[in-house]
Amino acid sequence: MIHTGEKKDKIDAIIRACGVMLRMNKVRPDARESENIYYQMLSNYFTRLQDAKDEGRFVAAHTVFFPTEILYAMDIVPMHTETTTWMISLFTGECADLLSAGTDLGLASEICTPHRGLAGAFASGALPRPNVMLWSNLICDNTAKSGELLMEINRCPGFFIDHPFQHSEDEMKYLVGELNSMIGFLEEQSGHKMNWDRLAEIVARMDRQIELFREICELRKAVPSPFHTQGFLELLTIDYLFPGQPEATDYLETLRQELADMVKNGEGAVSDERFRLMSFFIPPMHLIGFLERISQEYGAVSVTEPFFTYWGEGRLDPNRPLESVAEKSYMIPETRMYGPLDDRALKSIVDCAEQYRVDGAIYYADVGCRHTCATIKLFKDILNEIDVPVLTLDCDVVDPTITSEEEVREKLERFFELLEDR
Amino acid sequence: MFDRFIEVNSTFPKTAHVLEHKRQGGLVFGWLCTYVPEEIMHAAGALPVRITGHNQETELEDGSAYLYVNNCSFSRSCLQMGLRGGYDFLDGVVGSSTCDGARRLFDLWRNYIETPFHHVLTIPRKSTPEAHALYYQQVVQFKERLEEFLGIQITDEKLHQSIDVYNESRTLLKNLYELRKLDNPPISGAETMEVLNASFRMPKELFNEYLKDLLRDLPSSGHTHNGLARLMVTGSVLTNPEFIKSIENQGALVVADDLCTSTRYWSDPVELNEDTTPLQAISRRYLDNFPCARMFPSDKRFNRILSLVQDFKVDGVISQIIRYCVAYAHDLPLLTERLRANGIPMLALDVEYGTSGSGQIQTRVQAFLEMLGARKR
Amino acid sequence: MIVAGIDVGSRAAKAVVISNGSILSSVICDTGPESVKTSRAAMAEVLKGPGLSLDDIQYVVATGYGRVLVPFADENISEISCHARGINWYFPSVRTILDMGGQDCKAISCDGNGLVTNFIMNDKCAGGTGRFLEMIAEVLNTSLEEIGELSLSSRNAIPFNTICAVFAQSEAIAHFRKGVTKSDILAGLHEAIATRSLNLLKRVSIERDFSITGGIAKNSGMVAKLKEKVGLDPLLCEDPQIVGALGAALFAEERCNTSVQGMKIHYGYADGTGDYFITIDSGQCDGCGDCARVCPAAVLIVAREDGRHPKAELKEEARKNLAFLCPGFYSCSDTHKINCHSVCPKDAISHSW
């Protein structure tokens with residue numbers, strides 16, 4: 001059923017693309033310094049991954065929203081499987097091949113494209129074979145269920161973190177226990193000991209970074225808003241790949257300074273800000289450039305993303321590093337999609353809309369994503385109560401064949417007209 | 001023999017028993033998933049009923065408007081019935097974090113359907129000692145919330161009584177399934193489904209009486225069913241007996257199942273011993289029960305399926321997965337491989353909740369039976 | 001011995017008459033709105049060539065999506081089994097079949113005897129089917145017969161990553177309006193369909209000897225693309241569209257030949273109260289009629305609509321309410337000293353209850 005070719009992986013495509021971006025930025029007068037740091041970081045991350053095998057380093061593949069801090073503290077090379085797969089897809093244009101390799105494994109079309117293609121990427125050898133597979137049920141059934149098949153494809157051992165649904169004391173205790181068990185598993189598999197001092201340092205830096213995330217978001221409240229419309233994807237990637245890493249602090253501090261300067265000078269991300277938008281979930285990757293262009297054209301900027309940039313309250317404590325890593329998983333904005341949608345969770349969305357003075361919201365309804373689409377009606381209803389209209393865009397986050405530029409342009413233009421009329 | 005069960009199923013949710021129970025001032029609680037401990041609600045004096053959707057495949061306009069089109073038709077169907085007042089008699093609804101469909105169904109129910117009491121339980125995906133400790137805490141918390149809401153005490157004595165009633169039901173269903181192991185069982189798969197559906201839709205005590213009558217009458221009824229192939233059906237929720245009938249009409253006999261609404265619902269008893277409190281025993285049973293595909297590791301479920309295949313002398317397996325059911329769809333490649341290694345062919349169907357199995361499904365089932373060398377006309 | 005197979009598909013009805021393993025005649029007609037009429041017309045047509053009448057045909061097996069509606073059929077068998085059987089007649093070495101029909105696509109694995117060992121069907125989706133190609137041909141103002149050749153003349157295939165019938169159609173229209181040539185659009189679509197077919201095939205595993213059947217197998221452009229994708233030369237039979245009907249005819253012949261060993265025919269139904277089947281072993285039954293004479297309920301009859309090889313069978317009118325007419329074997333034996341089982345000299349009759 002499953003075969004893993006010894007074919008060379010396709011990590012190189014990402015490294016080359018980062019190189020191109022860096023070279024282009026050298027001649028672009030308006031290039032941000034933070035952007036250069038970002039591409040250099042990506043390039044380093046994937047170079048490390050690419051060289052890991054030759055250097056005999058231990059590689060752990062993991063799914064999204066994972067406590068990567070632990071891997072860094074143990075000197076294990078992380079491979080964020082979703083990010084790696086879909087950057088490869090973006091830069092090689094091989095989305096269809098990855099998806100079809102996933103289908104070959106017997107994965108039905110019910111499995112969301114990010115996870116179907118990810119399994120396909122391992123099976124076809126586009127991703128290198130890891131030493132271990134790690135995954136958790138944060139954020140959905142796809143992340144929860146993907147690991148066992150990936151273990152079988154890669155013929156490697158694995159560990160599943162059972163992330164509890166709610167945030168009680170008992171559940172925190174359980175989660176810390178799960179993280180401890182995973183550390184035990186990793187120590188046994190890799191022969192590396194957990195370096196608790198290093199974990200404490202990472203947690204201290206992570207705490208600082210969360211603060212920077214919040215400050216950056218605070219700056220985005222300014223009118224006009226300084227950060228470009230799809231900039232939040234950079235922020236996401238920073239936390240996905242580099243939590244608690246020194247270069248992430250460097251990036252965030254540089255970005256904060258750039259945005260602060262813009263706010264001081266009254267500069268916005270677009271020359272004439274007309275619409276302040278809230279974004280729900282992720283736009284189709286192949287349309288990101290297009291969405292930036294249309295943002296300039298219409299003066300429409302995403303100023304807040306309740307599920308991606310709106311961090312929960314709380315601080316991390318380096319003296320209790322593992323508890324802090326567990327606690328962080330409840331602070332990341334994404335967890336708001338996981339726990340029960342009680343009044344508090346709903347209120348935070350309304351608060352967010354009010355604080356950022358949004359004119360409208362765009363809901364990227366990924367056809368493969370069950371739990372984020374299930375709340376379209378609910379969020380529309382609560383936002384309509386405070387007079388914020390919501391546009392739903394049916395799409396697929398990675399498959400470019402589902403939505404075309406023309407379609408999105410037409411819907412957005414109509415939506416902007418509606419906002420204009422209000 | 002099956003009329004009384006069919007009567008309950010064809011009038012559900014507003015069955016005569018439910019209405020009578022309400023008239024007498026009784027409470028009715030709806031539960032959404034097999035990981036919700038029913039005994040607790042029963043011990044609180046309430047009538048627990050399982051929330052299910054429309055009996056047939058139906059247009060799900062409301063379900064799709066609220067849960068969007070890409071959530072499983074089971075959760076959409078349940079929500080639609082709720083939105084249209086089908087469950088307006090409920091005093092409480094209890095959900096769990098089992099799967100994306102289940103938790104979002106609960107989220108929307110909580111926000112759009114006026115049921116006085118709502119509660120959701122965290123269900124660990126493992127069954128380690130720590131997971132048991134966590135689930136136990138969840139069960140305790142659920143009991144305490146119920147006590148607070150109802151202003152009553154759920155005593156150990158009441159819990160013991162409820163465990164007895166539920167365990168009796170499990171034993172009786174086990175006896176019924178023993179009959180299905182026979183070469184010519186006196187009960188078909190479609191008939192079994194009528195019994196199972198009634199089991200979670202009516203007062204347990206009364207159901208036990210009905211089932212005892214059936215078990216007394218069946219052996220002497222002279223009914224025998226012989227299929228040219230003995231099949232097992234796997235998947236999540238399946239409540240339309242027409243689907244099973246459409247398979248059996250083609251000459252096969254469905255003798256075993258691995259479904260939320262069948263074996264996975266009743267299979268394991270609550271085991272009491274001197275060292276455990278009734279709450280501990282209940283919590284242990286629910287987390288250790290025949291696992292759903294959501295549980296880790298999947299092998300635990302696969303091994304139980306393989307032992308059912310052996311015990312019920314199964315020739316082939318039909319997997320029916322409701323579209324967008326991620327947990328079961330993810331397990332399919334691994335399960336197919338395990339069965340193949342054991343020489344058991346599998347037919348994989350993707351269906352909508354409530355399907356009666358028509359059109360293309362019929363063709364596939366027919367071809368599958370021809371492949372197994374079994375066919376009737 | 002002359003037998004026939006008829007395949008009532010969604011777009012075309014095919015019929016084949018065979019005698020001792022060789023084809024006497026075959027036809028392909030369009031499927032009309034009524035399957036019953038279509039099947040009669042196809043049968044009449046196929047008999048015309050060799051100058052036969054229905055009475056000359058010993059056994060008819062129907063297949064295809066309209067298989068249950070063929071009034072003169074003795075039995076129906078799924079198209080999946082029939083395609084495997086039919087291709088086995090042409091190429092006994094074939095182990096993998098891609099059947100590309102009017103409304104669905106199937107990948108089938110079979111053994112050396114033409115018995116199905118595994119199969120996969122595409123789901124609730126018209127993408128890549130005959131109907132889909134017809135739609136595209138219409139959009140591009142060309143005919144179904146031409147599109148294959150046209151696609152082969154393309155120099156620069158337009159990539160289509162989707163073959164969802166809805167998306168691909170609008171994509172094709174958009175390209176056409178932009179002035180992309182028909183051949184480039186068609187080449188892209190054929191490529192996409194071939195990719196998807198390859199996925200289907202991989203799920204049943206691809207063996208070296210593979211074949212393509214169904215109407216689309218006549219499309220040279222599609223065959224070329226599949227050959228390229230799969231990396232193997234398909235074994236193609238003279239008319240891939242009649243393979244299902246041929247398989248059905250071969251099953252019919254087998255039914256007649258093996259009837260000595262017994263072919264049990266089950267009449268009746270199962271309902272909420274039980275299984276009610278009377279089973280007649282047609283291999284054993286010699287049509288003596290003793291059972292029909294003694295049956296107190298008079299539900300049995302010795303006859304065949306077409307008068308071939310008389311056998312006992314259940315009266316048509318009793319098939320849907322058997323339980324109300326026949327009390328079942330045990331109860332009947334209790335009441336009557338004599339019954340259908342005890343009188344049958346061949347022991348060819350049995351009850352399920």
# chains A, B, ... in the order shown; residues from 1 in each chain; ligands from 1
>>> interface_residues(of="chain C", to="chain B", cutoff="6 Å", atoms="only C-alpha atoms", output="PDB file with C-alpha atoms, in the first residue's frame")
ATOM      1  CA  SER C  78     -23.506  -6.151 -11.751  1.00  0.00           C
ATOM      2  CA  VAL C 116     -13.410  -9.804  -9.466  1.00  0.00           C
ATOM      3  CA  HIS C 266     -34.007 -17.781  -4.526  1.00  0.00           C
ATOM      4  CA  GLY C 272     -39.135  -6.777   9.200  1.00  0.00           C
ATOM      5  CA  ASP C 275     -36.774 -14.019   5.503  1.00  0.00           C
ATOM      6  CA  TRP C 353     -38.662 -20.539   7.040  1.00  0.00           C
TER       7      TRP C 353
END
>>> interface_residues(of="chain A", to="chain C", cutoff="10 Å", atoms="only C-alpha atoms", output="list in words")
Met1, Cys95, Ala96, Asp97, Ser100, Ala101, Gly102, Thr103, Asp104, Leu105, Gly106, Ser109, Asp399, Pro400, Thr401, Ile402, Thr403 and Ser404 of chain A
>>> interface_residues(of="chain A", to="chain B", cutoff="8 Å", atoms="only C-alpha atoms", output="NGL selection string")
:A and (1 or 105-108 or 110-111 or 140-142 or 144-146 or 148-149 or 160 or 162-166 or 170-171 or 174 or 177 or 340-342 or 367-371 or 373-378)
>>> select_by_dssp(residues="stretch 25-226 of chain B", states="strand (DSSP E)", output="PyMOL selection string")
chain B and resi 28-31+47-50+92-96+117-121
>>> closest_residue(among="A:Cys217, A:Ala126, A:Leu316, A:Met285", to="A:Gly244", atoms="only C-alpha atoms")
A:Leu316
>>> residues_around(residues="B:His42", least_positions_apart="3", cutoff="9 Å", atoms="only C-alpha atoms", output="list in words")
Glu38, Glu39, Gly45, Ala46, Leu47, Pro48, Lys158, Leu159 and Ser162 of chain B
>>> atom_distance(atom1="atom CA of B:Val18", atom2="atom CA of B:Met202")
7.2 Å
>>> select_by_dssp(residues="stretch 78-264 of chain C", states="helix (DSSP H, G or I)", output="JSON, numbers by chain")
{"C": [79, 80, 81, 82, 83, 84, 85, 86, 87, 88, 89, 90, 130, 131, 132, 133, 134, 135, 136, 137, 138, 139, 147, 148, 149, 150, 151, 152, 165, 166, 167, 168, 169, 170, 171, 172, 173, 174, 175, 176, 177, 182, 183, 184, 185, 186, 187, 188, 189, 190, 191, 192, 193, 194, 195, 196, 197, 198, 199, 200, 201, 202, 215, 216, 217, 218, 220, 221, 222, 223, 224, 225, 226, 227, 228, 229, 230, 240, 241, 242, 243, 244, 245, 246, 247, 248, 249, 250, 251, 252, 253, 254, 255, 256, 257, 258, 259, 260]}
>>> write_last_selection(atoms="C-alpha atoms", output="short mmCIF file (atom, residue, chain, number, x, y, z; two decimals), in the first residue's frame")
data_model
loop_
_atom_site.label_atom_id
_atom_site.label_comp_id
_atom_site.auth_asym_id
_atom_site.auth_seq_id
_atom_site.Cartn_x
_atom_site.Cartn_y
_atom_site.Cartn_z
CA GLU C 79 -21.51 -4.50 -14.51
CA ILE C 80 -18.37 -4.81 -12.40
CA SER C 81 -18.46 -8.63 -12.53
CA CYS C 82 -19.48 -8.57 -16.21
CA HIS C 83 -16.62 -6.35 -17.34
CA ALA C 84 -14.10 -8.59 -15.60
CA ARG C 85 -15.67 -11.64 -17.20
CA GLY C 86 -15.88 -10.09 -20.65
CA ILE C 87 -12.30 -8.89 -20.74
CA ASN C 88 -11.13 -12.31 -19.56
CA TRP C 89 -12.62 -13.77 -22.74
CA TYR C 90 -10.45 -11.50 -24.87
CA GLY C 130 -18.94 9.86 -20.82
CA ARG C 131 -21.62 12.33 -19.83
CA PHE C 132 -18.94 14.81 -18.83
CA LEU C 133 -17.12 14.51 -22.16
CA GLU C 134 -20.40 14.94 -23.99
CA MET C 135 -21.01 18.14 -22.07
CA ILE C 136 -17.56 19.44 -22.90
CA ALA C 137 -17.96 18.51 -26.59
CA GLU C 138 -21.19 20.49 -26.60
CA VAL C 139 -19.56 23.52 -25.01
CA ILE C 147 -12.67 15.10 -29.32
CA GLY C 148 -10.10 12.32 -28.93
CA GLU C 149 -8.42 13.01 -32.26
CA LEU C 150 -8.62 16.75 -31.66
CA SER C 151 -6.86 16.45 -28.32
CA LEU C 152 -4.02 14.55 -29.99
CA ALA C 165 -17.80 18.60 -13.89
CA VAL C 166 -19.04 21.99 -12.75
CA PHE C 167 -15.69 23.70 -12.29
CA ALA C 168 -14.07 22.17 -15.35
CA GLN C 169 -16.95 23.16 -17.59
CA SER C 170 -16.81 26.80 -16.59
CA GLU C 171 -13.03 26.73 -16.85
CA ALA C 172 -13.29 25.27 -20.37
CA ILE C 173 -15.79 27.95 -21.39
CA ALA C 174 -13.51 30.67 -20.04
CA HIS C 175 -10.53 29.34 -22.00
CA PHE C 176 -12.60 28.93 -25.15
CA ARG C 177 -13.77 32.53 -24.93
CA LYS C 182 -10.26 23.37 -28.84
CA SER C 183 -7.45 20.91 -29.12
CA ASP C 184 -5.43 22.54 -26.33
CA ILE C 185 -8.44 22.64 -24.02
CA LEU C 186 -9.31 19.04 -24.81
CA ALA C 187 -5.74 17.88 -24.33
CA GLY C 188 -5.73 19.49 -20.88
CA LEU C 189 -9.00 17.87 -19.91
CA HIS C 190 -7.94 14.48 -21.18
CA GLU C 191 -4.77 14.83 -19.17
CA ALA C 192 -6.73 15.64 -16.02
CA ILE C 193 -9.12 12.73 -16.52
CA ALA C 194 -6.21 10.38 -17.13
CA THR C 195 -4.58 11.54 -13.90
CA ARG C 196 -7.71 10.86 -11.96
CA SER C 197 -8.17 7.46 -13.59
CA LEU C 198 -4.62 6.63 -12.62
CA ASN C 199 -5.51 7.43 -8.99
CA LEU C 200 -8.47 5.11 -9.23
CA LEU C 201 -6.30 2.37 -10.71
CA LYS C 202 -3.60 2.73 -8.08
CA GLY C 215 -17.39 3.86 -24.37
CA ILE C 216 -14.53 6.19 -23.51
CA ALA C 217 -12.00 3.49 -24.42
CA LYS C 218 -12.88 4.28 -28.05
CA SER C 220 -7.96 7.61 -29.03
CA GLY C 221 -6.86 10.76 -27.22
CA MET C 222 -7.86 9.34 -23.86
CA VAL C 223 -6.18 6.01 -24.52
CA ALA C 224 -2.96 7.78 -25.50
CA LYS C 225 -3.00 9.87 -22.31
CA LEU C 226 -3.72 6.86 -20.14
CA LYS C 227 -0.92 4.94 -21.78
CA GLU C 228 1.41 7.81 -20.97
CA LYS C 229 0.22 8.20 -17.36
CA VAL C 230 0.09 4.54 -16.47
CA PRO C 240 -14.44 -2.02 -25.70
CA GLN C 241 -18.01 -0.81 -25.39
CA ILE C 242 -19.60 -4.27 -25.59
CA VAL C 243 -17.39 -5.93 -22.98
CA GLY C 244 -20.05 -5.67 -20.26
CA ALA C 245 -22.72 -7.25 -22.45
CA LEU C 246 -20.29 -9.94 -23.55
CA GLY C 247 -19.47 -10.71 -19.93
CA ALA C 248 -23.18 -10.98 -19.21
CA ALA C 249 -23.57 -13.42 -22.13
CA LEU C 250 -20.64 -15.47 -20.85
CA PHE C 251 -22.29 -15.66 -17.43
CA ALA C 252 -25.48 -16.79 -19.19
CA GLU C 253 -23.62 -19.56 -20.93
CA GLU C 254 -21.99 -20.60 -17.67
CA ARG C 255 -25.39 -20.73 -15.97
CA CYS C 256 -26.60 -23.18 -18.61
CA ASN C 257 -23.44 -25.28 -18.61
CA THR C 258 -23.02 -25.54 -14.88
CA SER C 259 -26.66 -26.06 -14.18
CA VAL C 260 -25.88 -29.74 -13.70
#
>>> residues_around(residues="B:Leu90", least_positions_apart="4", cutoff="12 Å", atoms="only C-alpha atoms", output="PyMOL selection string")
chain B and resi 13-14+18-19+21-22+26-31+46-51+82+85-86+94+109+113-118
>>> residues_around(residues="A:Tyr298", least_positions_apart="5", cutoff="10 Å", atoms="only C-alpha atoms", output="compact mmCIF listing (two decimals) with C-alpha atoms, in the first residue's frame")
# COMPACT_ATOMS: atom_id res chain seq x y z
CA VAL A 270 -2.35 51.43 2.08
CA SER A 271 -2.15 54.98 0.83
CA ASP A 272 -5.85 55.64 1.35
CA GLU A 273 -7.40 53.47 4.06
CA ARG A 274 -11.12 53.06 3.42
CA PHE A 275 -12.09 49.71 4.88
CA ARG A 293 -2.88 44.13 -4.80
CA LEU A 412 -14.84 41.51 -2.87
CA GLU A 413 -15.85 44.38 -5.17
CA PHE A 416 -16.66 46.87 -0.77
>>> residues_around(residues="A:Ser190", least_positions_apart="6", cutoff="9 Å", atoms="only C-alpha atoms", output="VMD selection string")
chain A and resid 58 to 59 76 131 to 132
>>> write_last_selection(atoms="N, CA and C atoms", output="short mmCIF file (atom, residue, chain, number, x, y, z; two decimals), in the first residue's frame")
data_model
loop_
_atom_site.label_atom_id
_atom_site.label_comp_id
_atom_site.auth_asym_id
_atom_site.auth_seq_id
_atom_site.Cartn_x
_atom_site.Cartn_y
_atom_site.Cartn_z
N PHE A 58 18.93 14.55 14.69
CA PHE A 58 17.65 13.89 14.92
C PHE A 58 16.50 14.82 14.52
N VAL A 59 15.65 14.35 13.61
CA VAL A 59 14.56 15.18 13.09
C VAL A 59 13.21 14.69 13.61
N ILE A 76 16.61 19.03 19.04
CA ILE A 76 16.03 18.18 18.01
C ILE A 76 15.61 19.09 16.86
N ASN A 131 12.87 11.14 12.00
CA ASN A 131 13.17 10.06 12.94
C ASN A 131 11.96 9.70 13.79
N VAL A 132 11.16 10.71 14.10
CA VAL A 132 9.91 10.44 14.82
C VAL A 132 8.80 11.34 14.29
#
>>> closest_residue(among="B:Asp257, B:Glu178, B:Glu271, B:Asp288", to="B:Pro219", atoms="only C-alpha atoms")
B:Glu178
>>> atom_distance(atom1="atom CA of C:Ser352", atom2="atom CA of C:Ile77")
22.8 Å
